[in-house]
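Q: Let me give you the structure first, and then I'll get to my questions.
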Amino acid sequence: MRAWTCHGRTQKELIEKLQKAGIILSEKVAHVMEIVDRKHFCPLNPYQDAPQSIGLGQTISAPHMHAHVLEDILGSLEKSSSSQFEILDVGCGSGYLSACLGQWVHPPKPILGKFGKIYGIDVRSQLIEKCKKNIENFNPTLLRDGTVEISLGDGWKGIEKHEFDAIHVGAAADSFPHRLMMQLKVGGIMLIPIGPEQSVQVLYRIEKTRDAPLFDEKNFSIEKLLEVRYVPLIHPELP
């Protein structure tokens, strides 16, 4: 069993197959992905291990990609000295990953043992409303108590005056987003696909190793993870 073949009839069966395939390795990833049922975020074929359309030319990633991302983020967070986590989900789309990250840090008993805040941004107002509605249908307290905040935003710019323990980018950039990379805390990681639309893209893991007032690639560790296929990270006309 491998990626793209871990289809299930239920969320639980999907997660069990991802574990058997060696894609989900940790109990904390399995636990949160079992709690956050894809049926709230994906109207068609929620338990197929493949991307699905969510409208407006956008997709929800395949479950195995969410698992890969959560495993990498977990590894970084477990080494973090932050008292509370701040995580940015760029291109939050359906809201599935934002909800998983929110469940990890949600009071009163966060799965990761620390509280935190998840910021989800997307460039289209219609997607923002859909994302909020999906999260509301799954667990309304994530939004109501401020654990997860969803707003309109430019993925290339991120959220100014913030530093994040982790940044996930759910769309493929055509180049490394320097401005966004600067918003990582030292030791924080970014997971981002890079490459042209309709061609080979690579998922990168970027770790900020040193702080500096200006961007310098020497202050980051950049690692190729795997080949992927994502919709493009667009350059919007936002103020």
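Simple scheme: letters A, B, ... for chains in structure tokens order, numbers from 1 for residues in each chain, numbers from 1 for ligands in the order shown.
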Need the shell around region 121-130 of chain A: protein/DNA/RNA residues with any atom at most 6 Å away, counting only C-alpha atoms. Skip same-chain ones fewer than 2 positions apart. Format as a PyMOL selection string?
A: chain A and resi 90-93+132-133+150-154
Q: How about saving the chosen residues, N, CA and C atoms kept, as a PDB file, in the first residue's frame?
A:
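What ended up in out-v9.pdb:
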ATOM      1  N   VAL A  90      -1.202  29.173   4.622  1.00  0.00           N
ATOM      2  CA  VAL A  90      -1.394  30.004   3.426  1.00  0.00           C
ATOM      3  C   VAL A  90      -2.167  29.197   2.379  1.00  0.00           C
ATOM      4  N   GLY A  91      -3.221  29.810   1.840  1.00  0.00           N
ATOM      5  CA  GLY A  91      -4.075  29.086   0.906  1.00  0.00           C
ATOM      6  C   GLY A  91      -4.898  28.062   1.657  1.00  0.00           C
ATOM      7  N   CYS A  92      -5.583  28.520   2.704  1.00  0.00           N
ATOM      8  CA  CYS A  92      -6.280  27.604   3.619  1.00  0.00           C
ATOM      9  C   CYS A  92      -7.428  26.855   2.948  1.00  0.00           C
ATOM     10  N   GLY A  93      -7.951  27.383   1.831  1.00  0.00           N
ATOM     11  CA  GLY A  93      -8.891  26.645   0.994  1.00  0.00           C
ATOM     12  C   GLY A  93     -10.092  26.084   1.725  1.00  0.00           C
ATOM     13  N   LYS A 132     -14.604  29.119   6.495  1.00  0.00           N
ATOM     14  CA  LYS A 132     -15.198  29.372   7.812  1.00  0.00           C
ATOM     15  C   LYS A 132     -16.413  28.479   8.051  1.00  0.00           C
ATOM     16  N   LYS A 133     -17.241  28.336   7.029  1.00  0.00           N
ATOM     17  CA  LYS A 133     -18.435  27.508   7.163  1.00  0.00           C
ATOM     18  C   LYS A 133     -18.064  26.054   7.415  1.00  0.00           C
ATOM     19  N   ILE A 150      -9.475  32.928  10.356  1.00  0.00           N
ATOM     20  CA  ILE A 150      -9.447  32.838   8.902  1.00  0.00           C
ATOM     21  C   ILE A 150      -9.712  34.214   8.307  1.00  0.00           C
ATOM     22  N   SER A 151      -8.851  34.662   7.403  1.00  0.00           N
ATOM     23  CA  SER A 151      -9.028  35.999   6.850  1.00  0.00           C
ATOM     24  C   SER A 151      -8.472  36.089   5.425  1.00  0.00           C
ATOM     25  N   LEU A 152      -8.873  37.140   4.736  1.00  0.00           N
ATOM     26  CA  LEU A 152      -8.377  37.421   3.393  1.00  0.00           C
ATOM     27  C   LEU A 152      -6.922  37.865   3.485  1.00  0.00           C
ATOM     28  N   GLY A 153      -6.078  37.329   2.621  1.00  0.00           N
ATOM     29  CA  GLY A 153      -4.674  37.720   2.683  1.00  0.00           C
ATOM     30  C   GLY A 153      -3.892  37.258   1.471  1.00  0.00           C
ATOM     31  N   ASP A 154      -2.768  37.904   1.263  1.00  0.00           N
ATOM     32  CA  ASP A 154      -1.851  37.620   0.159  1.00  0.00           C
ATOM     33  C   ASP A 154      -0.807  36.620   0.641  1.00  0.00           C
TER      34      ASP A 154
END
Q: If we count only C-alpha atoms and set the cut-off at 9 Å, which residues sit around region 109-119 of chain A, ignoring sequence neighbours fewer than 5 positions away in its own chain? Please answer as a CSV table (one decimal) with all heavy atoms, in the first residue's frame.
A:
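Final output, part_36.csv:
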chain,number,residue,atom,x,y,z
A,28,LYS,N,0.0,11.3,17.2
A,28,LYS,CA,-0.7,12.7,17.2
A,28,LYS,C,-1.2,13.1,15.9
A,28,LYS,O,-2.2,13.8,15.8
A,28,LYS,CB,0.3,13.7,17.8
A,28,LYS,CG,0.6,13.5,19.3
A,28,LYS,CD,1.7,14.5,19.7
A,28,LYS,CE,2.0,14.2,21.2
A,28,LYS,NZ,3.1,15.0,21.7
A,31,HIS,N,-4.3,10.7,15.3
A,31,HIS,CA,-5.4,11.1,16.2
A,31,HIS,C,-6.1,12.4,15.7
A,31,HIS,O,-7.4,12.4,15.6
A,31,HIS,CB,-4.8,11.4,17.6
A,31,HIS,CG,-5.9,11.8,18.6
A,31,HIS,ND1,-7.0,11.1,18.8
A,31,HIS,CD2,-5.9,12.8,19.6
A,31,HIS,CE1,-7.8,11.7,19.8
A,31,HIS,NE2,-7.1,12.7,20.2
A,32,VAL,N,-5.4,13.4,15.3
A,32,VAL,CA,-6.0,14.6,14.8
A,32,VAL,C,-6.7,14.4,13.5
A,32,VAL,O,-7.8,14.9,13.2
A,32,VAL,CB,-5.0,15.8,14.8
A,32,VAL,CG1,-4.1,15.8,13.6
A,32,VAL,CG2,-5.8,17.1,14.9
A,74,LEU,N,4.8,18.5,12.9
A,74,LEU,CA,4.8,18.0,14.3
A,74,LEU,C,6.3,17.8,14.7
A,74,LEU,O,6.6,18.2,15.9
A,74,LEU,CB,4.1,16.6,14.3
A,74,LEU,CG,4.2,15.8,15.7
A,74,LEU,CD1,3.5,16.6,16.8
A,74,LEU,CD2,3.6,14.4,15.5
A,77,LEU,N,7.5,21.2,15.8
A,77,LEU,CA,6.9,21.8,16.9
A,77,LEU,C,7.4,21.1,18.2
A,77,LEU,O,7.5,21.7,19.3
A,77,LEU,CB,5.4,21.7,16.8
A,77,LEU,CG,4.7,22.5,15.7
A,77,LEU,CD1,3.2,22.4,15.8
A,77,LEU,CD2,5.1,24.0,15.8
A,78,GLU,N,7.6,19.8,18.1
A,78,GLU,CA,8.0,19.1,19.3
A,78,GLU,C,9.4,19.5,19.8
A,78,GLU,O,9.8,19.2,20.9
A,78,GLU,CB,7.9,17.6,19.0
A,78,GLU,CG,6.5,17.1,19.0
A,78,GLU,CD,6.4,15.5,18.9
A,78,GLU,OE1,7.3,14.9,18.3
A,78,GLU,OE2,5.4,15.0,19.4
A,82,SER,N,8.9,27.4,22.1
A,82,SER,CA,7.8,28.4,22.2
A,82,SER,C,6.9,28.0,23.3
A,82,SER,O,6.5,26.8,23.4
A,82,SER,CB,7.1,28.5,20.9
A,82,SER,OG,7.9,29.0,19.9
A,83,SER,N,6.4,28.9,24.1
A,83,SER,CA,5.4,28.6,25.1
A,83,SER,C,4.0,28.4,24.5
A,83,SER,O,3.2,27.7,25.1
A,83,SER,CB,5.4,29.7,26.2
A,83,SER,OG,5.0,31.0,25.6
A,84,GLN,N,3.7,29.1,23.4
A,84,GLN,CA,2.5,28.9,22.7
A,84,GLN,C,2.9,28.9,21.2
A,84,GLN,O,3.8,29.7,20.8
A,84,GLN,CB,1.5,30.0,23.0
A,84,GLN,CG,1.0,30.0,24.4
A,84,GLN,CD,-0.3,30.8,24.6
A,84,GLN,OE1,-1.0,31.1,23.6
A,84,GLN,NE2,-0.6,31.2,25.8
A,85,PHE,N,2.2,28.1,20.4
A,85,PHE,CA,2.5,28.0,19.0
A,85,PHE,C,1.7,29.0,18.2
A,85,PHE,O,0.5,29.3,18.4
A,85,PHE,CB,2.2,26.6,18.5
A,85,PHE,CG,3.0,25.5,19.1
A,85,PHE,CD1,2.4,24.4,19.6
A,85,PHE,CD2,4.4,25.6,19.1
A,85,PHE,CE1,3.2,23.4,20.2
A,85,PHE,CE2,5.2,24.6,19.7
A,85,PHE,CZ,4.6,23.5,20.2
A,86,GLU,N,2.4,29.6,17.2
A,86,GLU,CA,1.7,30.4,16.1
A,86,GLU,C,2.0,29.8,14.8
A,86,GLU,O,3.2,29.6,14.4
A,86,GLU,CB,2.1,31.9,16.2
A,86,GLU,CG,1.6,32.6,17.4
A,86,GLU,CD,1.5,34.1,17.1
A,86,GLU,OE1,2.2,34.6,16.3
A,86,GLU,OE2,0.7,34.8,17.8
A,87,ILE,N,1.0,29.4,14.0
A,87,ILE,CA,1.2,28.7,12.8
A,87,ILE,C,0.3,29.4,11.7
A,87,ILE,O,-0.8,29.8,11.9
A,87,ILE,CB,0.7,27.3,12.9
A,87,ILE,CG1,1.5,26.6,14.0
A,87,ILE,CG2,0.9,26.5,11.6
A,87,ILE,CD1,1.0,25.2,14.3
A,88,LEU,N,0.9,29.6,10.5
A,88,LEU,CA,0.2,30.2,9.4
A,88,LEU,C,-0.1,29.2,8.3
A,88,LEU,O,0.8,28.4,7.9
A,88,LEU,CB,1.1,31.3,8.8
A,88,LEU,CG,0.6,32.0,7.6
A,88,LEU,CD1,-0.7,32.7,7.8
A,88,LEU,CD2,1.6,33.0,7.0
A,89,ASP,N,-1.3,29.1,7.9
A,89,ASP,CA,-1.7,28.2,6.8
A,89,ASP,C,-2.1,29.1,5.6
A,89,ASP,O,-3.2,29.7,5.6
A,89,ASP,CB,-2.9,27.4,7.3
A,89,ASP,CG,-3.4,26.3,6.2
A,89,ASP,OD1,-2.6,26.1,5.3
A,89,ASP,OD2,-4.5,25.8,6.4
A,90,VAL,N,-1.2,29.2,4.6
A,90,VAL,CA,-1.4,30.0,3.4
A,90,VAL,C,-2.2,29.2,2.4
A,90,VAL,O,-1.8,28.1,2.1
A,90,VAL,CB,0.0,30.5,2.8
A,90,VAL,CG1,-0.2,31.1,1.5
A,90,VAL,CG2,0.7,31.3,3.8
A,92,CYS,N,-5.6,28.5,2.7
A,92,CYS,CA,-6.3,27.6,3.6
A,92,CYS,C,-7.4,26.9,2.9
A,92,CYS,O,-7.9,25.8,3.4
A,92,CYS,CB,-6.8,28.3,4.9
A,92,CYS,SG,-7.7,29.8,4.6
A,98,SER,N,-6.1,23.8,8.5
A,98,SER,CA,-6.3,24.8,9.6
A,98,SER,C,-7.0,24.1,10.8
A,98,SER,O,-6.7,24.4,11.9
A,98,SER,CB,-7.0,26.0,9.1
A,98,SER,OG,-6.2,26.7,8.2
A,99,ALA,N,-8.0,23.3,10.5
A,99,ALA,CA,-8.8,22.7,11.5
A,99,ALA,C,-7.9,21.6,12.3
A,99,ALA,O,-8.0,21.5,13.5
A,99,ALA,CB,-10.0,22.0,10.9
A,101,LEU,N,-4.6,21.6,12.6
A,101,LEU,CA,-3.7,22.4,13.4
A,101,LEU,C,-4.3,23.0,14.6
A,101,LEU,O,-3.8,23.0,15.7
A,101,LEU,CB,-3.0,23.5,12.5
A,101,LEU,CG,-2.1,23.0,11.4
A,101,LEU,CD1,-1.8,24.1,10.4
A,101,LEU,CD2,-0.9,22.3,11.9
A,102,GLY,N,-5.6,23.5,14.4
A,102,GLY,CA,-6.3,24.1,15.5
A,102,GLY,C,-6.6,23.1,16.6
A,102,GLY,O,-6.5,23.4,17.8
A,103,GLN,N,-7.0,21.9,16.2
A,103,GLN,CA,-7.3,20.8,17.2
A,103,GLN,C,-6.1,20.4,18.0
A,103,GLN,O,-6.2,20.1,19.1
A,103,GLN,CB,-7.9,19.6,16.4
A,103,GLN,CG,-9.3,19.7,16.0
A,103,GLN,CD,-10.3,19.7,17.2
A,103,GLN,OE1,-11.2,20.6,17.1
A,103,GLN,NE2,-10.1,18.9,18.2
A,104,TRP,N,-4.9,20.5,17.4
A,104,TRP,CA,-3.7,20.2,18.1
A,104,TRP,C,-3.5,21.1,19.3
A,104,TRP,O,-2.9,20.7,20.3
A,104,TRP,CB,-2.5,20.3,17.1
A,104,TRP,CG,-2.1,19.0,16.5
A,104,TRP,CD1,-2.5,17.8,16.9
A,104,TRP,CD2,-1.1,18.9,15.5
A,104,TRP,NE1,-1.8,16.9,16.1
A,104,TRP,CE2,-0.9,17.5,15.3
A,104,TRP,CE3,-0.3,19.8,14.8
A,104,TRP,CZ2,0.0,17.0,14.3
A,104,TRP,CZ3,0.6,19.3,13.9
A,104,TRP,CH2,0.7,17.9,13.6
A,146,GLY,N,-11.2,31.8,19.1
A,146,GLY,CA,-10.0,32.4,18.5
A,146,GLY,C,-8.8,31.5,18.3
A,146,GLY,O,-7.7,32.0,17.9
A,147,THR,N,-9.0,30.2,18.5
A,147,THR,CA,-7.9,29.3,18.2
A,147,THR,C,-7.5,29.3,16.7
A,147,THR,O,-6.3,29.3,16.4
A,147,THR,CB,-8.3,27.9,18.6
A,147,THR,OG1,-8.5,27.8,20.1
A,147,THR,CG2,-7.1,26.9,18.3
A,148,VAL,N,-8.5,29.4,15.9
A,148,VAL,CA,-8.3,29.5,14.4
A,148,VAL,C,-8.9,30.8,14.0
A,148,VAL,O,-10.0,31.2,14.3
A,148,VAL,CB,-8.9,28.3,13.7
A,148,VAL,CG1,-8.8,28.5,12.2
A,148,VAL,CG2,-8.3,27.0,14.1
A,149,GLU,N,-8.1,31.6,13.2
A,149,GLU,CA,-8.6,32.8,12.6
A,149,GLU,C,-8.4,32.8,11.1
A,149,GLU,O,-7.3,32.5,10.6
A,149,GLU,CB,-7.8,34.0,13.2
A,149,GLU,CG,-8.2,35.4,12.7
A,149,GLU,CD,-7.4,36.5,13.3
A,149,GLU,OE1,-7.3,36.6,14.5
A,149,GLU,OE2,-6.8,37.3,12.5
A,150,ILE,N,-9.5,32.9,10.4
A,150,ILE,CA,-9.4,32.8,8.9
A,150,ILE,C,-9.7,34.2,8.3
A,150,ILE,O,-10.7,34.9,8.7
A,150,ILE,CB,-10.5,31.8,8.4
A,150,ILE,CG1,-10.3,30.5,9.0
A,150,ILE,CG2,-10.5,31.7,6.9
A,150,ILE,CD1,-9.0,29.8,8.7
A,151,SER,N,-8.9,34.7,7.4
A,151,SER,CA,-9.0,36.0,6.9
A,151,SER,C,-8.5,36.1,5.4
A,151,SER,O,-7.7,35.2,5.0
A,151,SER,CB,-8.3,37.0,7.7
A,151,SER,OG,-7.0,36.8,7.8
A,159,ILE,N,1.5,37.6,7.0
A,159,ILE,CA,0.9,38.5,7.9
A,159,ILE,C,2.1,39.3,8.6
A,159,ILE,O,2.9,38.7,9.3
A,159,ILE,CB,0.1,37.8,9.0
A,159,ILE,CG1,-1.0,36.9,8.4
A,159,ILE,CG2,-0.5,38.8,10.0
A,159,ILE,CD1,-1.8,36.1,9.3
Q: Ranking A:Lys79, A:Lys12, A:Lys157, A:His68 by minimum distance to Pro46 (chain A) and counting only C-alpha atoms, which one comes first?
A: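 Comparing A:Lys79, A:Lys12, A:Lys157, A:His68 against Pro46 (chain A), the winner is A:Lys12.
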Q: May I ask which of the residues A:Arg210, A:His7, A:Lys185, A:His106 is the closest one to Ser80 (chain A), counting only C-alpha atoms?
A: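 Closest candidate: A:Lys185.
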Q: Within 12 Å of Ala212 (chain A), counting only C-alpha atoms, which residues show up once you throw out same-chain ones fewer than 3 positions away? Write them as a ChimeraX atom specification, please.
A: /A:181-186,208-209,215-220
Q: Considering only C-alpha atoms, can you say which of A:Gln58, A:Ser53, A:Ser76, A:Val29 comes closest to Leu97 (chain A)?
A: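 Among the listed residues, the smallest separation from Leu97 (chain A) belongs to A:Val29.
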Q: Excluding region 222-236 of chain A and any residue of its chain fewer than 3 positions from it, enumerate the residues within 10 Å of it, using only C-alpha atoms, and give them as a ChimeraX atom specification.
A: /A:51,57-61,65,68,90-91,122-124,153-157,169-175,189-208,217-219,239
Q: So, counting only C-alpha atoms, which residue among A:Thr141, A:Ser94, A:Ser221, A:Thr5 is closest to Gln48 (chain A)?
A: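 Ranked by minimum distance to Gln48 (chain A), first place goes to A:Thr5.
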Q: Tell me which protein, DNA and RNA residues are within 9 Å of Leu14 (chain A), counting only C-alpha atoms, leaving out same-chain ones fewer than 3 positions away, and put them as a list of chain:residue names.
A: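 Final neighbour list, sorted by chain and number: A:Cys6, A:His7, A:Gly8, A:Arg9, A:Thr10, A:Gln11, A:Lys17, A:Leu18, A:Gln19, A:Glu34, A:Tyr47, A:Gln48, A:Asp49, A:Pro63.
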Q: Within 8 Å of Ile135 (chain A), counting only C-alpha atoms, which residues show up once you throw out same-chain ones fewer than 6 positions away? Write them as a PyMOL selection string, please.
A: chain A and resi 40-41+95-96+99+142-143
Q: Figure out the distance between CA of Glu163 (chain A) and CA of Ser81 (chain A), please, to one decimal in Å.
A: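 CA of Glu163 (chain A) lies at a distance of 13.7 Å from CA of Ser81 (chain A).
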Q: Give the helix (DSSP H, G or I) residues of region 91-221 of chain A, as assigned by DSSP on the backbone, as a PyMOL selection string.
A: chain A and resi 96-105+125-138+141-144+178-181+217-219
Q: Could you give me, as a PDB file with N, CA, C and O atoms, in the first residue's frame, the residues within 8 Å of Phe138 (chain A), counting only C-alpha atoms and dropping anything in the same chain fewer than 2 positions from it?
A:
ATOM      1  N   VAL A  36     -10.710  15.073  12.747  1.00  0.00           N
ATOM      2  CA  VAL A  36     -11.160  16.056  11.746  1.00  0.00           C
ATOM      3  C   VAL A  36     -11.609  15.294  10.504  1.00  0.00           C
ATOM      4  O   VAL A  36     -10.812  14.987   9.614  1.00  0.00           O
ATOM      5  N   ASP A  37     -12.901  15.009  10.436  1.00  0.00           N
ATOM      6  CA  ASP A  37     -13.463  14.197   9.366  1.00  0.00           C
ATOM      7  C   ASP A  37     -13.557  15.013   8.081  1.00  0.00           C
ATOM      8  O   ASP A  37     -14.130  16.113   8.063  1.00  0.00           O
ATOM      9  N   HIS A  40     -16.681  17.055   6.336  1.00  0.00           N
ATOM     10  CA  HIS A  40     -17.076  18.435   6.626  1.00  0.00           C
ATOM     11  C   HIS A  40     -16.409  19.432   5.679  1.00  0.00           C
ATOM     12  O   HIS A  40     -16.804  20.604   5.632  1.00  0.00           O
ATOM     13  N   ASN A 134     -17.058  25.553   6.708  1.00  0.00           N
ATOM     14  CA  ASN A 134     -16.622  24.172   6.908  1.00  0.00           C
ATOM     15  C   ASN A 134     -16.121  23.950   8.334  1.00  0.00           C
ATOM     16  O   ASN A 134     -16.455  22.941   8.976  1.00  0.00           O
ATOM     17  N   ILE A 135     -15.292  24.861   8.826  1.00  0.00           N
ATOM     18  CA  ILE A 135     -14.758  24.726  10.191  1.00  0.00           C
ATOM     19  C   ILE A 135     -15.886  24.846  11.200  1.00  0.00           C
ATOM     20  O   ILE A 135     -15.935  24.112  12.200  1.00  0.00           O
ATOM     21  N   GLU A 136     -16.817  25.756  10.953  1.00  0.00           N
ATOM     22  CA  GLU A 136     -17.983  25.917  11.830  1.00  0.00           C
ATOM     23  C   GLU A 136     -18.790  24.622  11.891  1.00  0.00           C
ATOM     24  O   GLU A 136     -19.243  24.210  12.965  1.00  0.00           O
ATOM     25  N   PRO A 140     -17.331  24.458  15.826  1.00  0.00           N
ATOM     26  CA  PRO A 140     -17.482  25.919  15.857  1.00  0.00           C
ATOM     27  C   PRO A 140     -16.631  26.620  16.906  1.00  0.00           C
ATOM     28  O   PRO A 140     -16.299  27.794  16.746  1.00  0.00           O
TER      29      PRO A 140
END
